[in-house]
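Here is the structure we will look at.
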Amino acid sequence: MGARSGNNYLSAMRKLGAEVWIAGARVADPTIHPALVHCARSIASLYDMQGEHPEAMTFRTEEGDRAGLSFIQPRSTEEVRKRTQMFRHWAAYSHGMLGRTPDYLNASLAAMAAAREFFAASDPRYGDNVANYYREARRHDWCATHTLVNPRASRAAGWAGQTDAELALKLVDRGATGIVVNGCRMLATLGPLAEELLVFPATMLRPEPAAAPFALAFAINCNAPGLKFICRDSFDAGRSHFDAPLASRFEEMDCVVIFNQVTVPWERVFLCGDVARCNALYAETGAVVAMMHQVAVKNAVKSEFLLGLAAKIAEVSDAMSLAHVRDRIAEMIMTAEVMRSCLRAAEADAAADQWGVWRPARAPLEVARNLFPRLYPRLVEIIQLNSSSSLMAAPAEADFASALIPELERYLATAGAPARDRVALYRLAWDVAGSAFGGRQTLYERCFFGDPVQMASALVDHTDLKPLMRRVDEFLARAE
């Protein structure tokens, strides 16, 4: 089949029948459920873009089909750049507000399939499994999500503390048809709207036999028996696009995933019980670089959108000449330019890895993924500061269809915009900087790749500091 349409995606979701729970009730059809319907339509629109722009959004596979460009295994810098543009098209649709669009995992899966020998070194079956699964995912253009984090009974204890080990997803049996797993994982974003769930190593595992049951990498249908998705509250309250312009379109649900004696067929197992390879999976296969590439594009698009929003607010409120407003907007310009520069540097220094796939340079992407969680809350703060009380002086769409129109036009219009346009702008700013949807976005960006302290530590580990230290030693040793 190859690159699918939005209708194909929605039809598949209607038939899937995964066990999804929201507010104590099971969801019968995620494509019409009030908490999920609008995001489902947004994901469908992304798929439609592939058919509308085939040259920009797809590529020709060895079988002759056209597949989504997020599945490409780049063989040149040019193909890396083409993938960037595909990522950008999808990110621009939501202005970066959808963090788990299917391209995120498609790219990482393509990297893992190219590195099939890495998995085969653990068991020859696993190399075949990951390559075959990649081809099937590409052929069906599945919408997949993943889940990485084990629940913690105590954050002070290590992940394998006694209580955590009882809660965490782990292997409980091996049989002729597959493995059986039990436990819990957090946090599956987009879970109720996905067809496939990818389970990868949660954290760095201790190199000891006791960690072996937790060393897992596999794929499972979201409707597998025993698999259950428990959703948080929805931030889409059913309001109009005017009243909640972002939440009414891009509310991607987050879930806790329960595995109750779930059987994973052998052909979908990529690693099992191999602690060393689970710890090395992301780095050795290039999957983490592929993920960072997609996220760097999303971050660039998102920072550009907030910059544009801040500039529009300054224009409408006639504040662009104010020094403090200009200073804050300059901050946002710097953030957007740094994100774009990291992405450009990663593309420019792309090179072939040991599997023959061209990877963007890791170092600039590491910088981008470490900086953005620190910078995004500041972008949101600037929207709050520059908008001030106008964020809350924003009547609803229904008010503009009432007898209040003369008062609204008199008191809420500005030289830069009529009342309705001005209120629409500030309602957008509220959805970014004040609503529950906006609060979730800020928290999501803070923790997108996990613990910021661990990410910073990884940046140190992957940066060769020795040449720089030698330069210091050489300077200190200079006689003149």
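Chain lettering (A, B, ...) mirrors the order of the structure tokens, residue numbering begins at 1 for each chain separately, and ligand numbering begins at 1 in order of display.
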
Non-local contacts of Pro209 (chain A) (12 Å; only C-alpha atoms; under 6 positions in same chain excluded) as a PyMOL selection string
chain A and resi 160+215+273-276

Residues just named, written with N, CA and C atoms as a PDB file, in the first residue's frame:
ATOM      1  N   ALA A 160      15.350  -0.414  39.975  1.00  0.00           N
ATOM      2  CA  ALA A 160      15.131  -1.816  40.315  1.00  0.00           C
ATOM      3  C   ALA A 160      14.964  -2.013  41.806  1.00  0.00           C
ATOM      4  N   ALA A 215      15.007  -6.187  30.282  1.00  0.00           N
ATOM      5  CA  ALA A 215      15.712  -5.844  29.048  1.00  0.00           C
ATOM      6  C   ALA A 215      14.875  -6.308  27.860  1.00  0.00           C
ATOM      7  N   GLY A 273      16.157  -9.960  27.193  1.00  0.00           N
ATOM      8  CA  GLY A 273      17.100 -10.446  28.186  1.00  0.00           C
ATOM      9  C   GLY A 273      18.546 -10.027  27.967  1.00  0.00           C
ATOM     10  N   ASP A 274      18.820  -9.255  26.916  1.00  0.00           N
ATOM     11  CA  ASP A 274      20.195  -8.836  26.612  1.00  0.00           C
ATOM     12  C   ASP A 274      20.409  -7.427  27.153  1.00  0.00           C
ATOM     13  N   VAL A 275      20.900  -7.360  28.380  1.00  0.00           N
ATOM     14  CA  VAL A 275      21.040  -6.071  29.062  1.00  0.00           C
ATOM     15  C   VAL A 275      21.995  -5.150  28.316  1.00  0.00           C
ATOM     16  N   ALA A 276      23.143  -5.667  27.912  1.00  0.00           N
ATOM     17  CA  ALA A 276      24.150  -4.830  27.261  1.00  0.00           C
ATOM     18  C   ALA A 276      23.609  -4.221  25.977  1.00  0.00           C
TER      19      ALA A 276
END

From a DSSP pass on the backbone, collect the residues of region 115-319 of chain A flagged as helix (DSSP H, G or I) and hand them back as a PyMOL selection string.
chain A and resi 116-120+124-140+162-167+191-193+209-214+247-250+266-268+275-285+287-316

Please dump the current selection as a PDB file, in the first residue's frame; keep C-alpha atoms.
ATOM      1  CA  ARG A 116      19.727  -5.291  11.870  1.00  0.00           C
ATOM      2  CA  GLU A 117      23.150  -6.846  12.546  1.00  0.00           C
ATOM      3  CA  PHE A 118      23.142  -5.179  15.958  1.00  0.00           C
ATOM      4  CA  PHE A 119      20.005  -7.138  16.895  1.00  0.00           C
ATOM      5  CA  ALA A 120      21.141 -10.314  15.109  1.00  0.00           C
ATOM      6  CA  PRO A 124      19.665 -14.078  14.461  1.00  0.00           C
ATOM      7  CA  ARG A 125      15.866 -13.997  14.636  1.00  0.00           C
ATOM      8  CA  TYR A 126      15.908 -10.498  16.103  1.00  0.00           C
ATOM      9  CA  GLY A 127      17.770  -9.023  13.149  1.00  0.00           C
ATOM     10  CA  ASP A 128      15.226 -10.502  10.752  1.00  0.00           C
ATOM     11  CA  ASN A 129      12.385  -9.373  13.005  1.00  0.00           C
ATOM     12  CA  VAL A 130      13.346  -5.705  13.114  1.00  0.00           C
ATOM     13  CA  ALA A 131      13.981  -5.579   9.346  1.00  0.00           C
ATOM     14  CA  ASN A 132      10.689  -7.326   8.537  1.00  0.00           C
ATOM     15  CA  TYR A 133       8.738  -5.169  10.970  1.00  0.00           C
ATOM     16  CA  TYR A 134      10.183  -2.006   9.425  1.00  0.00           C
ATOM     17  CA  ARG A 135       9.071  -3.114   5.967  1.00  0.00           C
ATOM     18  CA  GLU A 136       5.583  -3.963   7.248  1.00  0.00           C
ATOM     19  CA  ALA A 137       5.288  -0.632   9.088  1.00  0.00           C
ATOM     20  CA  ARG A 138       6.408   1.200   5.964  1.00  0.00           C
ATOM     21  CA  ARG A 139       4.047  -0.765   3.716  1.00  0.00           C
ATOM     22  CA  HIS A 140       1.011  -0.178   5.967  1.00  0.00           C
ATOM     23  CA  GLN A 162      12.058  -3.949  45.219  1.00  0.00           C
ATOM     24  CA  THR A 163       8.729  -2.147  44.837  1.00  0.00           C
ATOM     25  CA  ASP A 164       9.631  -0.796  41.389  1.00  0.00           C
ATOM     26  CA  ALA A 165      10.550  -4.247  40.133  1.00  0.00           C
ATOM     27  CA  GLU A 166       7.053  -5.418  41.035  1.00  0.00           C
ATOM     28  CA  LEU A 167       5.488  -2.578  39.023  1.00  0.00           C
ATOM     29  CA  GLY A 191      -1.723   5.951  22.610  1.00  0.00           C
ATOM     30  CA  PRO A 192      -5.506   5.959  21.957  1.00  0.00           C
ATOM     31  CA  LEU A 193      -4.915   7.065  18.361  1.00  0.00           C
ATOM     32  CA  PRO A 209      21.424 -10.866  35.928  1.00  0.00           C
ATOM     33  CA  ALA A 210      18.550  -9.369  37.931  1.00  0.00           C
ATOM     34  CA  ALA A 211      18.036  -6.769  35.181  1.00  0.00           C
ATOM     35  CA  ALA A 212      17.554  -9.343  32.407  1.00  0.00           C
ATOM     36  CA  PRO A 213      13.722  -9.624  32.686  1.00  0.00           C
ATOM     37  CA  PHE A 214      13.462  -5.851  32.139  1.00  0.00           C
ATOM     38  CA  ALA A 247      -6.650  22.438  22.231  1.00  0.00           C
ATOM     39  CA  SER A 248      -9.567  21.978  19.819  1.00  0.00           C
ATOM     40  CA  ARG A 249      -7.197  20.581  17.197  1.00  0.00           C
ATOM     41  CA  PHE A 250      -4.019  19.159  18.720  1.00  0.00           C
ATOM     42  CA  TRP A 266       8.357 -14.008  18.483  1.00  0.00           C
ATOM     43  CA  GLU A 267       8.417 -12.266  15.112  1.00  0.00           C
ATOM     44  CA  ARG A 268       7.827  -8.945  16.895  1.00  0.00           C
ATOM     45  CA  VAL A 275      21.040  -6.071  29.062  1.00  0.00           C
ATOM     46  CA  ALA A 276      24.150  -4.830  27.261  1.00  0.00           C
ATOM     47  CA  ARG A 277      22.396  -4.492  23.908  1.00  0.00           C
ATOM     48  CA  CYS A 278      19.351  -2.839  25.422  1.00  0.00           C
ATOM     49  CA  ASN A 279      21.640  -0.238  26.984  1.00  0.00           C
ATOM     50  CA  ALA A 280      23.424   0.320  23.673  1.00  0.00           C
ATOM     51  CA  LEU A 281      20.369   0.193  21.389  1.00  0.00           C
ATOM     52  CA  TYR A 282      19.723   3.891  20.811  1.00  0.00           C
ATOM     53  CA  ALA A 283      23.315   4.964  20.304  1.00  0.00           C
ATOM     54  CA  GLU A 284      24.580   2.005  18.301  1.00  0.00           C
ATOM     55  CA  THR A 285      21.670   1.822  15.859  1.00  0.00           C
ATOM     56  CA  ALA A 287      17.755   5.529  16.481  1.00  0.00           C
ATOM     57  CA  VAL A 288      18.352   8.325  18.984  1.00  0.00           C
ATOM     58  CA  VAL A 289      19.901  10.549  16.298  1.00  0.00           C
ATOM     59  CA  ALA A 290      16.889   9.939  14.030  1.00  0.00           C
ATOM     60  CA  MET A 291      14.570  10.878  16.905  1.00  0.00           C
ATOM     61  CA  MET A 292      16.599  13.989  17.700  1.00  0.00           C
ATOM     62  CA  HIS A 293      16.498  14.999  14.045  1.00  0.00           C
ATOM     63  CA  GLN A 294      12.699  14.952  13.974  1.00  0.00           C
ATOM     64  CA  VAL A 295      12.470  16.728  17.326  1.00  0.00           C
ATOM     65  CA  ALA A 296      14.948  19.434  16.293  1.00  0.00           C
ATOM     66  CA  VAL A 297      12.708  20.241  13.323  1.00  0.00           C
ATOM     67  CA  LYS A 298       9.646  20.336  15.579  1.00  0.00           C
ATOM     68  CA  ASN A 299      11.452  22.622  18.025  1.00  0.00           C
ATOM     69  CA  ALA A 300      12.519  25.008  15.279  1.00  0.00           C
ATOM     70  CA  VAL A 301       8.949  25.214  13.979  1.00  0.00           C
ATOM     71  CA  LYS A 302       7.531  25.693  17.481  1.00  0.00           C
ATOM     72  CA  SER A 303       9.967  28.456  18.406  1.00  0.00           C
ATOM     73  CA  GLU A 304       9.198  30.231  15.111  1.00  0.00           C
ATOM     74  CA  PHE A 305       5.473  30.039  15.844  1.00  0.00           C
ATOM     75  CA  LEU A 306       5.801  31.535  19.314  1.00  0.00           C
ATOM     76  CA  LEU A 307       8.064  34.246  17.927  1.00  0.00           C
ATOM     77  CA  GLY A 308       5.463  35.089  15.285  1.00  0.00           C
ATOM     78  CA  LEU A 309       2.753  35.132  17.956  1.00  0.00           C
ATOM     79  CA  ALA A 310       4.748  37.504  20.165  1.00  0.00           C
ATOM     80  CA  ALA A 311       5.446  39.804  17.224  1.00  0.00           C
ATOM     81  CA  LYS A 312       1.760  39.855  16.248  1.00  0.00           C
ATOM     82  CA  ILE A 313       0.743  40.679  19.823  1.00  0.00           C
ATOM     83  CA  ALA A 314       3.243  43.551  19.882  1.00  0.00           C
ATOM     84  CA  GLU A 315       1.916  44.848  16.567  1.00  0.00           C
ATOM     85  CA  VAL A 316      -1.752  44.662  17.534  1.00  0.00           C
TER      86      VAL A 316
END

Using only C-alpha atoms, which residues sit within 12 Å of Val37 (chain A) once same-chain residues fewer than 5 positions away are excluded, as a list of chain:residue names?
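Using only C-alpha atoms, the neighbours found are A:Leu10, A:Met13, A:Arg14, A:Val27, A:Asp29, A:Pro30, A:Thr31, A:Ile32, A:Ser42, A:Ile43, A:Ala44, A:Pro192, A:Leu193, A:Ser234, A:Asp236, A:Ala237, A:Gly238, A:Ala247, A:Ser248, A:Arg249, A:Phe250, A:Glu251, A:Glu252, A:Met253.
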
Just to be explicit: take each residue in the selection above, keep N, CA and C atoms, and write the result as a CSV table (one decimal), in the first residue's frame.
chain,number,residue,atom,x,y,z
A,10,LEU,N,-8.3,6.7,9.6
A,10,LEU,CA,-9.5,6.8,10.4
A,10,LEU,C,-10.3,5.5,10.3
A,13,MET,N,-8.5,3.0,12.5
A,13,MET,CA,-8.7,3.2,14.0
A,13,MET,C,-10.1,2.8,14.4
A,14,ARG,N,-11.1,3.0,13.6
A,14,ARG,CA,-12.5,2.6,13.9
A,14,ARG,C,-12.6,1.1,14.1
A,27,VAL,N,-13.6,3.6,25.8
A,27,VAL,CA,-13.9,4.3,24.5
A,27,VAL,C,-14.3,3.3,23.4
A,29,ASP,N,-15.1,4.1,20.1
A,29,ASP,CA,-14.6,4.5,18.8
A,29,ASP,C,-13.8,5.8,19.0
A,30,PRO,N,-12.4,5.8,19.0
A,30,PRO,CA,-11.6,7.0,19.2
A,30,PRO,C,-11.8,8.0,18.2
A,31,THR,N,-12.3,7.7,17.0
A,31,THR,CA,-12.4,8.7,15.9
A,31,THR,C,-13.7,9.6,16.1
A,32,ILE,N,-14.5,9.2,17.1
A,32,ILE,CA,-15.7,10.1,17.4
A,32,ILE,C,-15.8,10.5,18.8
A,42,SER,N,-6.7,15.6,13.0
A,42,SER,CA,-5.4,16.2,12.7
A,42,SER,C,-4.4,15.2,12.2
A,43,ILE,N,-4.4,14.0,12.8
A,43,ILE,CA,-3.5,13.0,12.3
A,43,ILE,C,-3.9,12.6,10.9
A,44,ALA,N,-5.2,12.5,10.7
A,44,ALA,CA,-5.6,12.1,9.3
A,44,ALA,C,-5.2,13.2,8.3
A,192,PRO,N,-4.2,6.3,22.4
A,192,PRO,CA,-5.5,6.0,22.0
A,192,PRO,C,-5.7,6.1,20.5
A,193,LEU,N,-4.8,6.8,19.8
A,193,LEU,CA,-4.9,7.1,18.4
A,193,LEU,C,-3.8,6.3,17.6
A,234,SER,N,-8.9,14.9,29.5
A,234,SER,CA,-8.7,15.6,28.2
A,234,SER,C,-8.7,17.1,28.4
A,236,ASP,N,-9.2,19.0,25.8
A,236,ASP,CA,-10.1,19.4,24.7
A,236,ASP,C,-11.5,19.4,25.3
A,237,ALA,N,-12.0,20.6,25.6
A,237,ALA,CA,-13.3,20.6,26.3
A,237,ALA,C,-14.5,20.8,25.3
A,238,GLY,N,-14.2,20.6,24.0
A,238,GLY,CA,-15.2,20.7,23.0
A,238,GLY,C,-15.6,22.1,22.6
A,247,ALA,N,-6.1,23.6,21.5
A,247,ALA,CA,-6.7,22.4,22.2
A,247,ALA,C,-7.8,21.8,21.4
A,248,SER,N,-8.5,22.5,20.6
A,248,SER,CA,-9.6,22.0,19.8
A,248,SER,C,-9.1,21.2,18.6
A,249,ARG,N,-7.8,21.3,18.4
A,249,ARG,CA,-7.2,20.6,17.2
A,249,ARG,C,-6.1,19.6,17.6
A,250,PHE,N,-5.3,19.9,18.5
A,250,PHE,CA,-4.0,19.2,18.7
A,250,PHE,C,-3.8,18.6,20.1
A,251,GLU,N,-4.9,18.2,20.7
A,251,GLU,CA,-4.9,17.6,22.1
A,251,GLU,C,-4.5,16.1,22.0
A,252,GLU,N,-3.2,15.8,21.9
A,252,GLU,CA,-2.7,14.5,21.8
A,252,GLU,C,-2.7,13.9,23.2
A,253,MET,N,-3.4,12.8,23.4
A,253,MET,CA,-3.6,12.2,24.7
A,253,MET,C,-2.4,11.5,25.2

Using only C-alpha atoms: which of A:Ala18, A:Ala352, A:Ala413, A:Ala23 has the shortest distance to Ser317 (chain A)
A:Ala413

Counting only C-alpha atoms, figure out which residue out of A:Cys184, A:Leu271, A:Ala350, A:Met86 gets nearest to Arg362 (chain A).
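Between A:Cys184, A:Leu271, A:Ala350, A:Met86, the residue approaching Arg362 (chain A) most closely is A:Ala350.
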
In Å, rounded to a single decimal, give me how far CA of Leu408 (chain A) is from CA of Ala319 (chain A).
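So the answer is 21.3 Å.
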
Find the residues around Met97 (chain A) up to 8 Å (only C-alpha atoms counted), leave out those fewer than 2 positions away in its own chain, and share them as a PyMOL selection string.
chain A and resi 91+94-95+99+246+250+302+441

How would you write, as a PDB file with N, CA and C atoms, in the first residue's frame, the set of residues in region 31-115 of chain A that DSSP gives as strand (DSSP E or B)?
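So the final result, stored in selection-v4.pdb, reads:
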ATOM      1  N   THR A  58       6.993  11.849   0.129  1.00  0.00           N
ATOM      2  CA  THR A  58       7.162  10.405  -0.026  1.00  0.00           C
ATOM      3  C   THR A  58       8.409  10.091  -0.843  1.00  0.00           C
ATOM      4  N   PHE A  59       8.781   8.809  -0.872  1.00  0.00           N
ATOM      5  CA  PHE A  59       9.888   8.352  -1.707  1.00  0.00           C
ATOM      6  C   PHE A  59       9.532   6.997  -2.300  1.00  0.00           C
ATOM      7  N   ARG A  60      10.225   6.633  -3.362  1.00  0.00           N
ATOM      8  CA  ARG A  60       9.976   5.371  -4.037  1.00  0.00           C
ATOM      9  C   ARG A  60      10.791   4.268  -3.358  1.00  0.00           C
ATOM     10  N   ARG A  66       5.256   4.088  -3.114  1.00  0.00           N
ATOM     11  CA  ARG A  66       5.672   5.360  -2.523  1.00  0.00           C
ATOM     12  C   ARG A  66       5.380   5.282  -1.025  1.00  0.00           C
ATOM     13  N   ALA A  67       6.410   5.461  -0.225  1.00  0.00           N
ATOM     14  CA  ALA A  67       6.274   5.415   1.233  1.00  0.00           C
ATOM     15  C   ALA A  67       6.547   6.797   1.817  1.00  0.00           C
ATOM     16  N   GLY A  68       6.040   7.036   3.010  1.00  0.00           N
ATOM     17  CA  GLY A  68       6.300   8.299   3.686  1.00  0.00           C
ATOM     18  C   GLY A  68       7.797   8.517   3.866  1.00  0.00           C
TER      19      GLY A  68
END

Residues near Asp349 (chain A), anyone? I mean within 7 Å using only C-alpha atoms, not counting same-chain ones fewer than 2 positions away, as a PyMOL selection string.
chain A and resi 345-347+351+360-361

Go ahead and save the picked residues with N, CA and C atoms, as a PDB file, in the first residue's frame.
ATOM      1  N   ALA A 345      23.494  22.778  11.056  1.00  0.00           N
ATOM      2  CA  ALA A 345      24.817  22.198  11.316  1.00  0.00           C
ATOM      3  C   ALA A 345      24.756  20.677  11.293  1.00  0.00           C
ATOM      4  N   ALA A 346      23.690  20.129  11.845  1.00  0.00           N
ATOM      5  CA  ALA A 346      23.541  18.668  11.857  1.00  0.00           C
ATOM      6  C   ALA A 346      23.426  18.125  10.438  1.00  0.00           C
ATOM      7  N   GLU A 347      22.707  18.825   9.592  1.00  0.00           N
ATOM      8  CA  GLU A 347      22.581  18.410   8.192  1.00  0.00           C
ATOM      9  C   GLU A 347      23.916  18.541   7.464  1.00  0.00           C
ATOM     10  N   ALA A 351      26.947  12.267   7.922  1.00  0.00           N
ATOM     11  CA  ALA A 351      27.921  11.311   7.381  1.00  0.00           C
ATOM     12  C   ALA A 351      27.376   9.903   7.533  1.00  0.00           C
ATOM     13  N   PRO A 360      22.455  12.663  10.503  1.00  0.00           N
ATOM     14  CA  PRO A 360      22.833  14.034  10.835  1.00  0.00           C
ATOM     15  C   PRO A 360      23.857  13.996  11.969  1.00  0.00           C
ATOM     16  N   ALA A 361      24.704  15.000  12.046  1.00  0.00           N
ATOM     17  CA  ALA A 361      25.692  15.056  13.119  1.00  0.00           C
ATOM     18  C   ALA A 361      24.994  15.093  14.471  1.00  0.00           C
TER      19      ALA A 361
END

Just the number, please: distance in Å from CA of Met455 (chain A) to CA of Ala363 (chain A), one decimal.
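Between CA of Met455 (chain A) and CA of Ala363 (chain A) the gap is 12.6 Å.
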
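Taking CA of Glu79 (chain A) and CA of Asp65 (chain A) as the two end points, the separation is 17.6 Å.
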
Who sits within 10 Å of Asn7 (chain A), only C-alpha atoms, same chain under 2 positions skipped, as a ChimeraX atom specification:
/A:4-5,9-13,41,44-45,47-48

Same residues, C-alpha atoms, output as a PDB file, in the first residue's frame:
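For reference, again-v8.pdb as written:
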ATOM      1  CA  ARG A   4      -1.805   6.082   3.206  1.00  0.00           C
ATOM      2  CA  SER A   5      -4.651   8.604   3.203  1.00  0.00           C
ATOM      3  CA  TYR A   9      -6.083   5.877   8.920  1.00  0.00           C
ATOM      4  CA  LEU A  10      -9.489   6.765  10.406  1.00  0.00           C
ATOM      5  CA  SER A  11     -11.039   3.578   9.046  1.00  0.00           C
ATOM      6  CA  ALA A  12      -8.250   1.507  10.612  1.00  0.00           C
ATOM      7  CA  MET A  13      -8.729   3.232  13.979  1.00  0.00           C
ATOM      8  CA  ARG A  41      -8.738  14.385  12.397  1.00  0.00           C
ATOM      9  CA  ALA A  44      -5.621  12.109   9.336  1.00  0.00           C
ATOM     10  CA  SER A  45      -4.781  15.487   7.793  1.00  0.00           C
ATOM     11  CA  TYR A  47      -1.554  11.468   6.200  1.00  0.00           C
ATOM     12  CA  ASP A  48      -3.511  13.318   3.516  1.00  0.00           C
TER      13      ASP A  48
END
